[in-house]
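Here the structure is laid out as structure tokens; the discussion comes afterwards.
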Protein chains: 2
Amino acid sequence: MFDEIKVIGFDADDTLWVNETYFRDAEDAFAKLLSAYETPNKIDQELFRKELDNLDIYGYGVKGFMLSMVESALEISNGMVKPEMISEILKIGKDMINKPVEVLEGIPEVLESLSKKYKLIVLTKGDLLDQKRKLKKSNLSHFFHHIEVMTEKKEEDYSEVLNHLEIQPKEFLMIGNSLKSDVLPIINLRSNAVHIPFHTTWEHEKVSPQELENQKYLTLQSASELLTYL
Amino acid sequence: MFDEIKVIGFDADDTLWVNETYFRDAEDAFAKLLSAYETPNKIDQELFRKELDNLDIYGYGVKGFMLSMVESALEISNGMVKPEMISEILKIGKDMINKPVEVLEGIPEVLESLSKKYKLIVLTKGDLLDQKRKLKKSNLSHFFHHIEVMTEKKEEDYSEVLNHLEIQPKEFLMIGNSLKSDVLPIINLRSNAVHIPFHTTWEHEKVSPQELENQKYLTLQSASELLTYL
């Protein structure tokens, strides 16, 4: 099935290590903080809308998320937010940045084994400093030949990176938790993808069932299962 | 003098386009906003201290600067800052991100000319999305073979990039406005550097005269003068 593969690309957040869980926790803390002004559900919706509005200018990552929380707090409270709540929002964000990196189960063993047969690279979205720091904290850096932090993960972004690294689509396999960012654009490039779902997915990364119809990709329950195929 | 040079690296902010001026303007606006609490001089000092404190976790770029302004405002006001001031801080930052890119005089002509004889690359610090956006807005992208956004510009960071791009130090010339980030680390690698000062320099980028003693690098008044040497 994967006979021609020479290079394997790994997504980072929620593929190599836990990430989305910390955003969910931060959103919960944010909703609790502003509970005097709105219901948790409404606060969640407003924050998500604000994140999407700001995505073009802030991009992905914790700093943009922090700025969107501050802006949402001002709006949700109708400009009545207390300064100590703003302090608390900054603290929530800084705590996220300073969290230890929790590598997902089986990942070091899988990378160890695959690195003997394939060239491994990381293709991740997010904040440059954040992602480099997480990679360092993860102790996984030495398995990878190249780390590419991308501002977006659309078809043209992958195409640019593969070209730049002189990788043929048919020789490439992408592994990640997001159908929208790690699987669909890769299949559209006639390359190969394996989907390994994480238990929680950011709303923005979700895709409709129609988009998945007749698409050819493998879904696995955990990274360890990769070793059966590769 | 530069006979062996094959690849020329350009810093971006304040070398290709105006940047520091916008930060100075933002700092002035911030000091004005908080003038009820402190003198402009004290506010400036506090913000600078806060930026340095946060540099490790936020890195360089506008988003970190915005978060440092918010945090400083909370502290300078002793937790009394008004919500509309926080809104105004977010606006100052968003305006910075949305500013058009002002390419420095002579740059397009110099790049046009040099690109015929040398491989040109960009080596810049800062926020990934910010820098990619500025490069796009500048209409200078097509002159460059490679864009590297770096989290730091220390000796080891340059060494890593040059290795990765398979460039020999003696064949490389770095051009930039910062002695600390663009010139000294490059000279320490026994590579070549040209310093083109910009009229304003961030305090954090300044170096002591002692560090510059006996260092060999060329200082030019403008990019156009490069064509006399290259």
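Quick note on naming: the chains in the structure tokens go A, B, ... in the order shown, residues restart at 1 in each chain, and ligands are numbered from 1 in order of appearance.
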Tell me, which residues of range 10-210 of chain A carry DSSP alpha helix (DSSP H), written as a PDB file with C-alpha atoms, in the first residue's frame?
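Generated file (part_31.pdb):
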```
ATOM      1  CA  GLU A  20      -6.387  20.987  21.843  1.00  0.00           C
ATOM      2  CA  THR A  21      -7.176  19.806  25.365  1.00  0.00           C
ATOM      3  CA  TYR A  22      -5.317  22.845  26.745  1.00  0.00           C
ATOM      4  CA  PHE A  23      -7.311  25.209  24.526  1.00  0.00           C
ATOM      5  CA  ARG A  24     -10.556  23.563  25.726  1.00  0.00           C
ATOM      6  CA  ASP A  25      -9.443  24.007  29.347  1.00  0.00           C
ATOM      7  CA  ALA A  26      -8.555  27.650  28.673  1.00  0.00           C
ATOM      8  CA  GLU A  27     -11.959  28.257  27.073  1.00  0.00           C
ATOM      9  CA  ASP A  28     -13.652  26.770  30.118  1.00  0.00           C
ATOM     10  CA  ALA A  29     -11.612  28.983  32.441  1.00  0.00           C
ATOM     11  CA  PHE A  30     -12.464  32.003  30.267  1.00  0.00           C
ATOM     12  CA  ALA A  31     -16.207  31.214  30.364  1.00  0.00           C
ATOM     13  CA  LYS A  32     -16.056  30.841  34.143  1.00  0.00           C
ATOM     14  CA  LEU A  33     -14.234  34.154  34.478  1.00  0.00           C
ATOM     15  CA  PRO A  40     -20.913  29.621  29.167  1.00  0.00           C
ATOM     16  CA  ASN A  41     -22.358  28.585  25.815  1.00  0.00           C
ATOM     17  CA  LYS A  42     -22.730  32.152  24.573  1.00  0.00           C
ATOM     18  CA  ILE A  43     -19.229  33.068  25.791  1.00  0.00           C
ATOM     19  CA  ASP A  44     -17.804  30.054  23.953  1.00  0.00           C
ATOM     20  CA  GLN A  45     -19.569  31.077  20.745  1.00  0.00           C
ATOM     21  CA  GLU A  46     -18.424  34.677  20.996  1.00  0.00           C
ATOM     22  CA  LEU A  47     -14.817  33.698  21.590  1.00  0.00           C
ATOM     23  CA  PHE A  48     -14.859  31.290  18.640  1.00  0.00           C
ATOM     24  CA  ARG A  49     -16.343  33.964  16.379  1.00  0.00           C
ATOM     25  CA  LYS A  50     -13.690  36.423  17.534  1.00  0.00           C
ATOM     26  CA  GLU A  51     -10.908  33.907  16.872  1.00  0.00           C
ATOM     27  CA  LEU A  52     -12.150  33.377  13.322  1.00  0.00           C
ATOM     28  CA  ASP A  53     -12.476  37.136  12.765  1.00  0.00           C
ATOM     29  CA  ASN A  54      -8.880  37.601  13.901  1.00  0.00           C
ATOM     30  CA  LEU A  55      -7.392  34.543  12.173  1.00  0.00           C
ATOM     31  CA  ASP A  56      -6.290  36.532   9.123  1.00  0.00           C
ATOM     32  CA  ILE A  57      -4.315  39.046  11.143  1.00  0.00           C
ATOM     33  CA  TYR A  58      -3.133  36.940  14.113  1.00  0.00           C
ATOM     34  CA  VAL A  62      -1.577  30.981  21.776  1.00  0.00           C
ATOM     35  CA  LYS A  63      -0.723  34.712  21.452  1.00  0.00           C
ATOM     36  CA  GLY A  64      -3.526  35.350  18.981  1.00  0.00           C
ATOM     37  CA  PHE A  65      -5.830  33.291  21.192  1.00  0.00           C
ATOM     38  CA  MET A  66      -4.905  35.481  24.188  1.00  0.00           C
ATOM     39  CA  LEU A  67      -5.592  38.675  22.235  1.00  0.00           C
ATOM     40  CA  SER A  68      -8.944  37.283  21.078  1.00  0.00           C
ATOM     41  CA  MET A  69      -9.858  36.432  24.675  1.00  0.00           C
ATOM     42  CA  VAL A  70      -9.052  40.017  25.767  1.00  0.00           C
ATOM     43  CA  GLU A  71     -11.106  41.463  22.918  1.00  0.00           C
ATOM     44  CA  SER A  72     -14.025  39.093  23.584  1.00  0.00           C
ATOM     45  CA  ALA A  73     -13.991  39.952  27.291  1.00  0.00           C
ATOM     46  CA  LEU A  74     -14.336  43.651  26.426  1.00  0.00           C
ATOM     47  CA  GLU A  75     -17.278  42.921  24.144  1.00  0.00           C
ATOM     48  CA  ILE A  76     -19.072  40.291  26.225  1.00  0.00           C
ATOM     49  CA  PRO A  83      -8.939  44.869  35.076  1.00  0.00           C
ATOM     50  CA  GLU A  84      -8.308  41.813  37.257  1.00  0.00           C
ATOM     51  CA  MET A  85     -10.167  39.719  34.683  1.00  0.00           C
ATOM     52  CA  ILE A  86      -7.790  40.936  31.986  1.00  0.00           C
ATOM     53  CA  SER A  87      -4.881  39.967  34.257  1.00  0.00           C
ATOM     54  CA  GLU A  88      -6.431  36.553  34.687  1.00  0.00           C
ATOM     55  CA  ILE A  89      -6.766  36.116  30.902  1.00  0.00           C
ATOM     56  CA  LEU A  90      -3.058  36.900  30.468  1.00  0.00           C
ATOM     57  CA  LYS A  91      -2.298  34.341  33.154  1.00  0.00           C
ATOM     58  CA  ILE A  92      -4.411  31.673  31.422  1.00  0.00           C
ATOM     59  CA  GLY A  93      -2.436  32.254  28.217  1.00  0.00           C
ATOM     60  CA  LYS A  94       0.995  32.334  29.825  1.00  0.00           C
ATOM     61  CA  ASP A  95       0.185  29.100  31.653  1.00  0.00           C
ATOM     62  CA  MET A  96      -0.657  27.497  28.299  1.00  0.00           C
ATOM     63  CA  ILE A  97       2.697  28.574  26.853  1.00  0.00           C
ATOM     64  CA  ASN A  98       4.588  27.312  29.886  1.00  0.00           C
ATOM     65  CA  ILE A 107       4.942   8.253  19.518  1.00  0.00           C
ATOM     66  CA  PRO A 108       8.625   7.907  20.531  1.00  0.00           C
ATOM     67  CA  GLU A 109       8.633   4.172  19.683  1.00  0.00           C
ATOM     68  CA  VAL A 110       6.875   4.753  16.350  1.00  0.00           C
ATOM     69  CA  LEU A 111       9.287   7.552  15.376  1.00  0.00           C
ATOM     70  CA  GLU A 112      12.265   5.456  16.445  1.00  0.00           C
ATOM     71  CA  SER A 113      11.155   2.599  14.222  1.00  0.00           C
ATOM     72  CA  LEU A 114      10.062   4.700  11.209  1.00  0.00           C
ATOM     73  CA  LEU A 128       7.022  29.644  15.161  1.00  0.00           C
ATOM     74  CA  LEU A 129       8.481  30.128  18.646  1.00  0.00           C
ATOM     75  CA  ASP A 130       5.731  28.050  20.285  1.00  0.00           C
ATOM     76  CA  GLN A 131       6.217  25.104  17.965  1.00  0.00           C
ATOM     77  CA  LYS A 132      10.026  25.148  18.167  1.00  0.00           C
ATOM     78  CA  ARG A 133       9.801  25.295  21.944  1.00  0.00           C
ATOM     79  CA  LYS A 134       7.335  22.402  22.065  1.00  0.00           C
ATOM     80  CA  LEU A 135       9.508  20.292  19.791  1.00  0.00           C
ATOM     81  CA  LYS A 136      12.483  20.913  22.062  1.00  0.00           C
ATOM     82  CA  LYS A 137      10.499  20.101  25.212  1.00  0.00           C
ATOM     83  CA  SER A 138       9.162  16.917  23.559  1.00  0.00           C
ATOM     84  CA  GLU A 155      -3.156  22.530  -0.886  1.00  0.00           C
ATOM     85  CA  GLU A 156      -0.923  25.315  -2.240  1.00  0.00           C
ATOM     86  CA  ASP A 157       0.975  25.561   1.050  1.00  0.00           C
ATOM     87  CA  TYR A 158       1.802  21.853   1.006  1.00  0.00           C
ATOM     88  CA  SER A 159       2.672  22.050  -2.649  1.00  0.00           C
ATOM     89  CA  GLU A 160       5.162  24.831  -1.955  1.00  0.00           C
ATOM     90  CA  VAL A 161       6.824  22.948   0.903  1.00  0.00           C
ATOM     91  CA  LEU A 162       7.070  19.650  -1.032  1.00  0.00           C
ATOM     92  CA  ASN A 163       8.555  21.480  -4.015  1.00  0.00           C
ATOM     93  CA  HIS A 164      11.015  23.326  -1.835  1.00  0.00           C
ATOM     94  CA  LEU A 184      -7.832  16.499   2.374  1.00  0.00           C
ATOM     95  CA  PRO A 185      -5.262  18.935   0.907  1.00  0.00           C
ATOM     96  CA  ILE A 186      -2.744  16.084   0.694  1.00  0.00           C
ATOM     97  CA  ILE A 187      -5.162  13.788  -1.158  1.00  0.00           C
ATOM     98  CA  ASN A 188      -5.948  16.626  -3.552  1.00  0.00           C
ATOM     99  CA  PRO A 209     -19.223  14.347   5.503  1.00  0.00           C
ATOM    100  CA  GLN A 210     -19.745  15.331   1.828  1.00  0.00           C
TER     101      GLN A 210
END
```
Find the residues around Thr201 in chain A up to 12 Å (only C-alpha atoms counted), leave out those fewer than 5 positions away in its own chain, and share them as a compact mmCIF listing (two decimals) with N, CA, C and O atoms, in the first residue's frame.
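Saved to out.txt:
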```txt
# COMPACT_ATOMS: atom_id res chain seq x y z
N ASP A 13 0.67 19.34 16.69
CA ASP A 13 -0.36 19.46 17.73
C ASP A 13 -1.42 18.37 17.59
O ASP A 13 -2.04 18.22 16.54
N ASP A 14 -1.62 17.60 18.65
CA ASP A 14 -2.62 16.53 18.71
C ASP A 14 -2.30 15.35 17.80
O ASP A 14 -3.14 14.46 17.61
N THR A 15 -1.09 15.36 17.23
CA THR A 15 -0.61 14.17 16.50
C THR A 15 0.62 13.64 17.24
O THR A 15 0.70 12.47 17.57
N VAL A 18 -0.23 16.46 23.00
CA VAL A 18 -1.52 17.03 23.38
C VAL A 18 -1.52 18.54 23.16
O VAL A 18 -0.56 19.22 23.54
N ASN A 19 -2.56 19.09 22.56
CA ASN A 19 -2.67 20.53 22.40
C ASN A 19 -4.10 21.03 22.60
O ASN A 19 -4.36 21.87 23.43
N GLU A 20 -5.03 20.46 21.86
CA GLU A 20 -6.39 20.99 21.84
C GLU A 20 -7.02 20.95 23.23
O GLU A 20 -7.77 21.86 23.60
N THR A 21 -6.67 19.94 23.99
CA THR A 21 -7.18 19.81 25.36
C THR A 21 -6.89 21.08 26.17
O THR A 21 -7.73 21.53 26.95
N TYR A 22 -5.69 21.65 25.98
CA TYR A 22 -5.32 22.84 26.75
C TYR A 22 -6.13 24.06 26.30
O TYR A 22 -6.44 24.92 27.11
N PHE A 23 -6.45 24.12 25.00
CA PHE A 23 -7.31 25.21 24.53
C PHE A 23 -8.72 25.05 25.11
O PHE A 23 -9.33 26.03 25.53
N ARG A 24 -9.23 23.80 25.14
CA ARG A 24 -10.56 23.56 25.73
C ARG A 24 -10.57 24.00 27.19
O ARG A 24 -11.50 24.65 27.65
N GLY A 176 -1.72 12.93 10.36
CA GLY A 176 -2.20 13.99 11.25
C GLY A 176 -3.61 13.74 11.75
O GLY A 176 -4.30 12.82 11.29
N ASN A 177 -4.03 14.58 12.68
CA ASN A 177 -5.34 14.41 13.31
C ASN A 177 -6.44 15.22 12.64
O ASN A 177 -7.60 15.06 12.96
N SER A 178 -6.05 16.14 11.73
CA SER A 178 -7.08 17.01 11.16
C SER A 178 -7.39 16.64 9.71
O SER A 178 -6.52 16.72 8.83
N LEU A 179 -8.62 16.24 9.45
CA LEU A 179 -9.02 15.92 8.08
C LEU A 179 -8.86 17.13 7.20
O LEU A 179 -8.39 17.05 6.07
N LYS A 180 -9.23 18.30 7.75
CA LYS A 180 -9.19 19.53 6.95
C LYS A 180 -7.76 19.97 6.61
O LYS A 180 -7.49 20.40 5.49
N SER A 181 -6.85 19.85 7.58
CA SER A 181 -5.50 20.40 7.39
C SER A 181 -4.44 19.37 7.03
O SER A 181 -3.44 19.71 6.42
N ILE A 196 -5.23 10.10 11.99
CA ILE A 196 -5.30 9.53 13.35
C ILE A 196 -6.04 10.53 14.22
O ILE A 196 -5.47 11.51 14.69
N LYS A 206 -13.12 21.19 11.58
CA LYS A 206 -14.09 20.15 11.20
C LYS A 206 -14.49 20.27 9.73
O LYS A 206 -14.52 21.36 9.17
N VAL A 207 -14.80 19.12 9.11
CA VAL A 207 -15.24 19.13 7.71
C VAL A 207 -16.57 18.40 7.58
O VAL A 207 -16.93 17.58 8.43
```
Closest of B:Leu120, B:Ile5, B:Val81, B:Leu227 to chain A, counting only C-alpha atoms, is B:Val81
Using only C-alpha atoms, find the one residue out of A:Val122, A:Ile167, A:Ile8, A:Met174 that sits nearest to Met150 in chain A.
A:Val122
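Minimum distance to Ile175 in chain A across A:Leu226, A:Leu34, A:Val103, A:Leu212 (counting only C-alpha atoms) occurs at A:Leu226.
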Would you pick out the contacts of Asp3 in chain B at 10 Å or less, using only C-alpha atoms, so that residues sharing its chain but fewer than 2 positions from it are not included, and give the list as a VMD selection string?
chain B and resid 1 5 to 6 170 to 171 229 to 230
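CA of Ser191 in chain B is found 6.7 Å from CA of Leu173 in chain B.
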Write out as a PyMOL selection string all residues of range 2-222 of chain A that backbone DSSP assigns to strand (DSSP E or B).
chain A and resi 7-10+13+17+103+119-125+146-150+172-176+192-195+218-219
File dump, residues just selected, N, CA and C atoms, as a PDB file, in the first residue's frame:
```
ATOM      1  N   VAL A   7       9.332   9.701   2.292  1.00  0.00           N
ATOM      2  CA  VAL A   7       9.325  10.748   3.313  1.00  0.00           C
ATOM      3  C   VAL A   7       7.969  10.744   4.029  1.00  0.00           C
ATOM      4  N   ILE A   8       8.009  10.804   5.353  1.00  0.00           N
ATOM      5  CA  ILE A   8       6.763  10.863   6.128  1.00  0.00           C
ATOM      6  C   ILE A   8       6.705  12.192   6.870  1.00  0.00           C
ATOM      7  N   GLY A   9       5.585  12.908   6.686  1.00  0.00           N
ATOM      8  CA  GLY A   9       5.382  14.175   7.384  1.00  0.00           C
ATOM      9  C   GLY A   9       4.429  13.992   8.542  1.00  0.00           C
ATOM     10  N   PHE A  10       4.802  14.501   9.681  1.00  0.00           N
ATOM     11  CA  PHE A  10       3.920  14.438  10.846  1.00  0.00           C
ATOM     12  C   PHE A  10       3.400  15.825  11.179  1.00  0.00           C
ATOM     13  N   ASP A  13       0.671  19.342  16.692  1.00  0.00           N
ATOM     14  CA  ASP A  13      -0.360  19.455  17.731  1.00  0.00           C
ATOM     15  C   ASP A  13      -1.423  18.367  17.589  1.00  0.00           C
ATOM     16  N   TRP A  17       1.800  15.434  20.133  1.00  0.00           N
ATOM     17  CA  TRP A  17       1.579  15.781  21.547  1.00  0.00           C
ATOM     18  C   TRP A  17       0.201  16.416  21.743  1.00  0.00           C
ATOM     19  N   VAL A 103       3.746  14.197  25.302  1.00  0.00           N
ATOM     20  CA  VAL A 103       3.850  13.416  24.058  1.00  0.00           C
ATOM     21  C   VAL A 103       2.800  12.308  24.074  1.00  0.00           C
ATOM     22  N   LYS A 119      12.643   9.104   5.797  1.00  0.00           N
ATOM     23  CA  LYS A 119      13.017  10.444   6.213  1.00  0.00           C
ATOM     24  C   LYS A 119      11.785  11.047   6.881  1.00  0.00           C
ATOM     25  N   LEU A 120      11.911  11.504   8.112  1.00  0.00           N
ATOM     26  CA  LEU A 120      10.758  12.055   8.823  1.00  0.00           C
ATOM     27  C   LEU A 120      10.859  13.579   8.901  1.00  0.00           C
ATOM     28  N   ILE A 121       9.754  14.255   8.657  1.00  0.00           N
ATOM     29  CA  ILE A 121       9.715  15.709   8.800  1.00  0.00           C
ATOM     30  C   ILE A 121       8.472  16.109   9.605  1.00  0.00           C
ATOM     31  N   VAL A 122       8.470  17.318  10.136  1.00  0.00           N
ATOM     32  CA  VAL A 122       7.299  17.861  10.840  1.00  0.00           C
ATOM     33  C   VAL A 122       6.725  18.994  10.006  1.00  0.00           C
ATOM     34  N   LEU A 123       5.425  18.946   9.752  1.00  0.00           N
ATOM     35  CA  LEU A 123       4.731  20.027   9.054  1.00  0.00           C
ATOM     36  C   LEU A 123       3.611  20.499   9.960  1.00  0.00           C
ATOM     37  N   THR A 124       3.802  21.648  10.560  1.00  0.00           N
ATOM     38  CA  THR A 124       2.839  22.103  11.551  1.00  0.00           C
ATOM     39  C   THR A 124       2.418  23.548  11.329  1.00  0.00           C
ATOM     40  N   LYS A 125       1.195  23.846  11.695  1.00  0.00           N
ATOM     41  CA  LYS A 125       0.718  25.225  11.716  1.00  0.00           C
ATOM     42  C   LYS A 125       1.053  25.795  13.079  1.00  0.00           C
ATOM     43  N   HIS A 146      13.700  17.758   9.125  1.00  0.00           N
ATOM     44  CA  HIS A 146      13.281  19.126   8.799  1.00  0.00           C
ATOM     45  C   HIS A 146      11.996  19.455   9.562  1.00  0.00           C
ATOM     46  N   ILE A 147      11.929  20.689  10.017  1.00  0.00           N
ATOM     47  CA  ILE A 147      10.723  21.180  10.705  1.00  0.00           C
ATOM     48  C   ILE A 147      10.205  22.355   9.899  1.00  0.00           C
ATOM     49  N   GLU A 148       8.979  22.267   9.446  1.00  0.00           N
ATOM     50  CA  GLU A 148       8.404  23.400   8.723  1.00  0.00           C
ATOM     51  C   GLU A 148       7.187  23.907   9.488  1.00  0.00           C
ATOM     52  N   VAL A 149       7.295  25.162   9.971  1.00  0.00           N
ATOM     53  CA  VAL A 149       6.127  25.788  10.597  1.00  0.00           C
ATOM     54  C   VAL A 149       5.433  26.591   9.500  1.00  0.00           C
ATOM     55  N   MET A 150       4.172  26.248   9.226  1.00  0.00           N
ATOM     56  CA  MET A 150       3.445  26.839   8.110  1.00  0.00           C
ATOM     57  C   MET A 150       2.399  27.832   8.617  1.00  0.00           C
ATOM     58  N   PHE A 172       5.426  10.702  -0.727  1.00  0.00           N
ATOM     59  CA  PHE A 172       5.190  11.383   0.549  1.00  0.00           C
ATOM     60  C   PHE A 172       3.938  10.834   1.241  1.00  0.00           C
ATOM     61  N   LEU A 173       4.014  10.730   2.548  1.00  0.00           N
ATOM     62  CA  LEU A 173       2.852  10.346   3.351  1.00  0.00           C
ATOM     63  C   LEU A 173       2.714  11.334   4.499  1.00  0.00           C
ATOM     64  N   MET A 174       1.518  11.916   4.625  1.00  0.00           N
ATOM     65  CA  MET A 174       1.261  12.868   5.717  1.00  0.00           C
ATOM     66  C   MET A 174       0.421  12.187   6.779  1.00  0.00           C
ATOM     67  N   ILE A 175       0.778  12.401   8.026  1.00  0.00           N
ATOM     68  CA  ILE A 175       0.055  11.799   9.147  1.00  0.00           C
ATOM     69  C   ILE A 175      -0.416  12.903  10.083  1.00  0.00           C
ATOM     70  N   GLY A 176      -1.717  12.933  10.364  1.00  0.00           N
ATOM     71  CA  GLY A 176      -2.204  13.986  11.254  1.00  0.00           C
ATOM     72  C   GLY A 176      -3.611  13.740  11.754  1.00  0.00           C
ATOM     73  N   ASN A 192      -0.300  10.971  -0.243  1.00  0.00           N
ATOM     74  CA  ASN A 192      -0.893   9.975   0.645  1.00  0.00           C
ATOM     75  C   ASN A 192      -1.089  10.508   2.064  1.00  0.00           C
ATOM     76  N   ALA A 193      -2.180  10.065   2.697  1.00  0.00           N
ATOM     77  CA  ALA A 193      -2.456  10.574   4.043  1.00  0.00           C
ATOM     78  C   ALA A 193      -3.020   9.501   4.958  1.00  0.00           C
ATOM     79  N   VAL A 194      -2.627   9.586   6.210  1.00  0.00           N
ATOM     80  CA  VAL A 194      -3.219   8.741   7.250  1.00  0.00           C
ATOM     81  C   VAL A 194      -3.835   9.658   8.297  1.00  0.00           C
ATOM     82  N   HIS A 195      -5.080   9.390   8.630  1.00  0.00           N
ATOM     83  CA  HIS A 195      -5.779  10.180   9.641  1.00  0.00           C
ATOM     84  C   HIS A 195      -5.754   9.439  10.977  1.00  0.00           C
ATOM     85  N   LEU A 218      -6.391   6.389   4.882  1.00  0.00           N
ATOM     86  CA  LEU A 218      -6.470   5.373   5.921  1.00  0.00           C
ATOM     87  C   LEU A 218      -6.731   6.059   7.257  1.00  0.00           C
ATOM     88  N   THR A 219      -7.622   5.498   8.060  1.00  0.00           N
ATOM     89  CA  THR A 219      -7.833   6.016   9.412  1.00  0.00           C
ATOM     90  C   THR A 219      -7.339   4.998  10.432  1.00  0.00           C
TER      91      THR A 219
END
```
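Closest to chain A among B:Val101, B:Leu165, B:Leu140, B:Ala36 is B:Leu165, based on only C-alpha atoms.
In this model, the gap between CA of Lys99 in chain A and CA of Glu152 in chain A comes to 24.2 Å.
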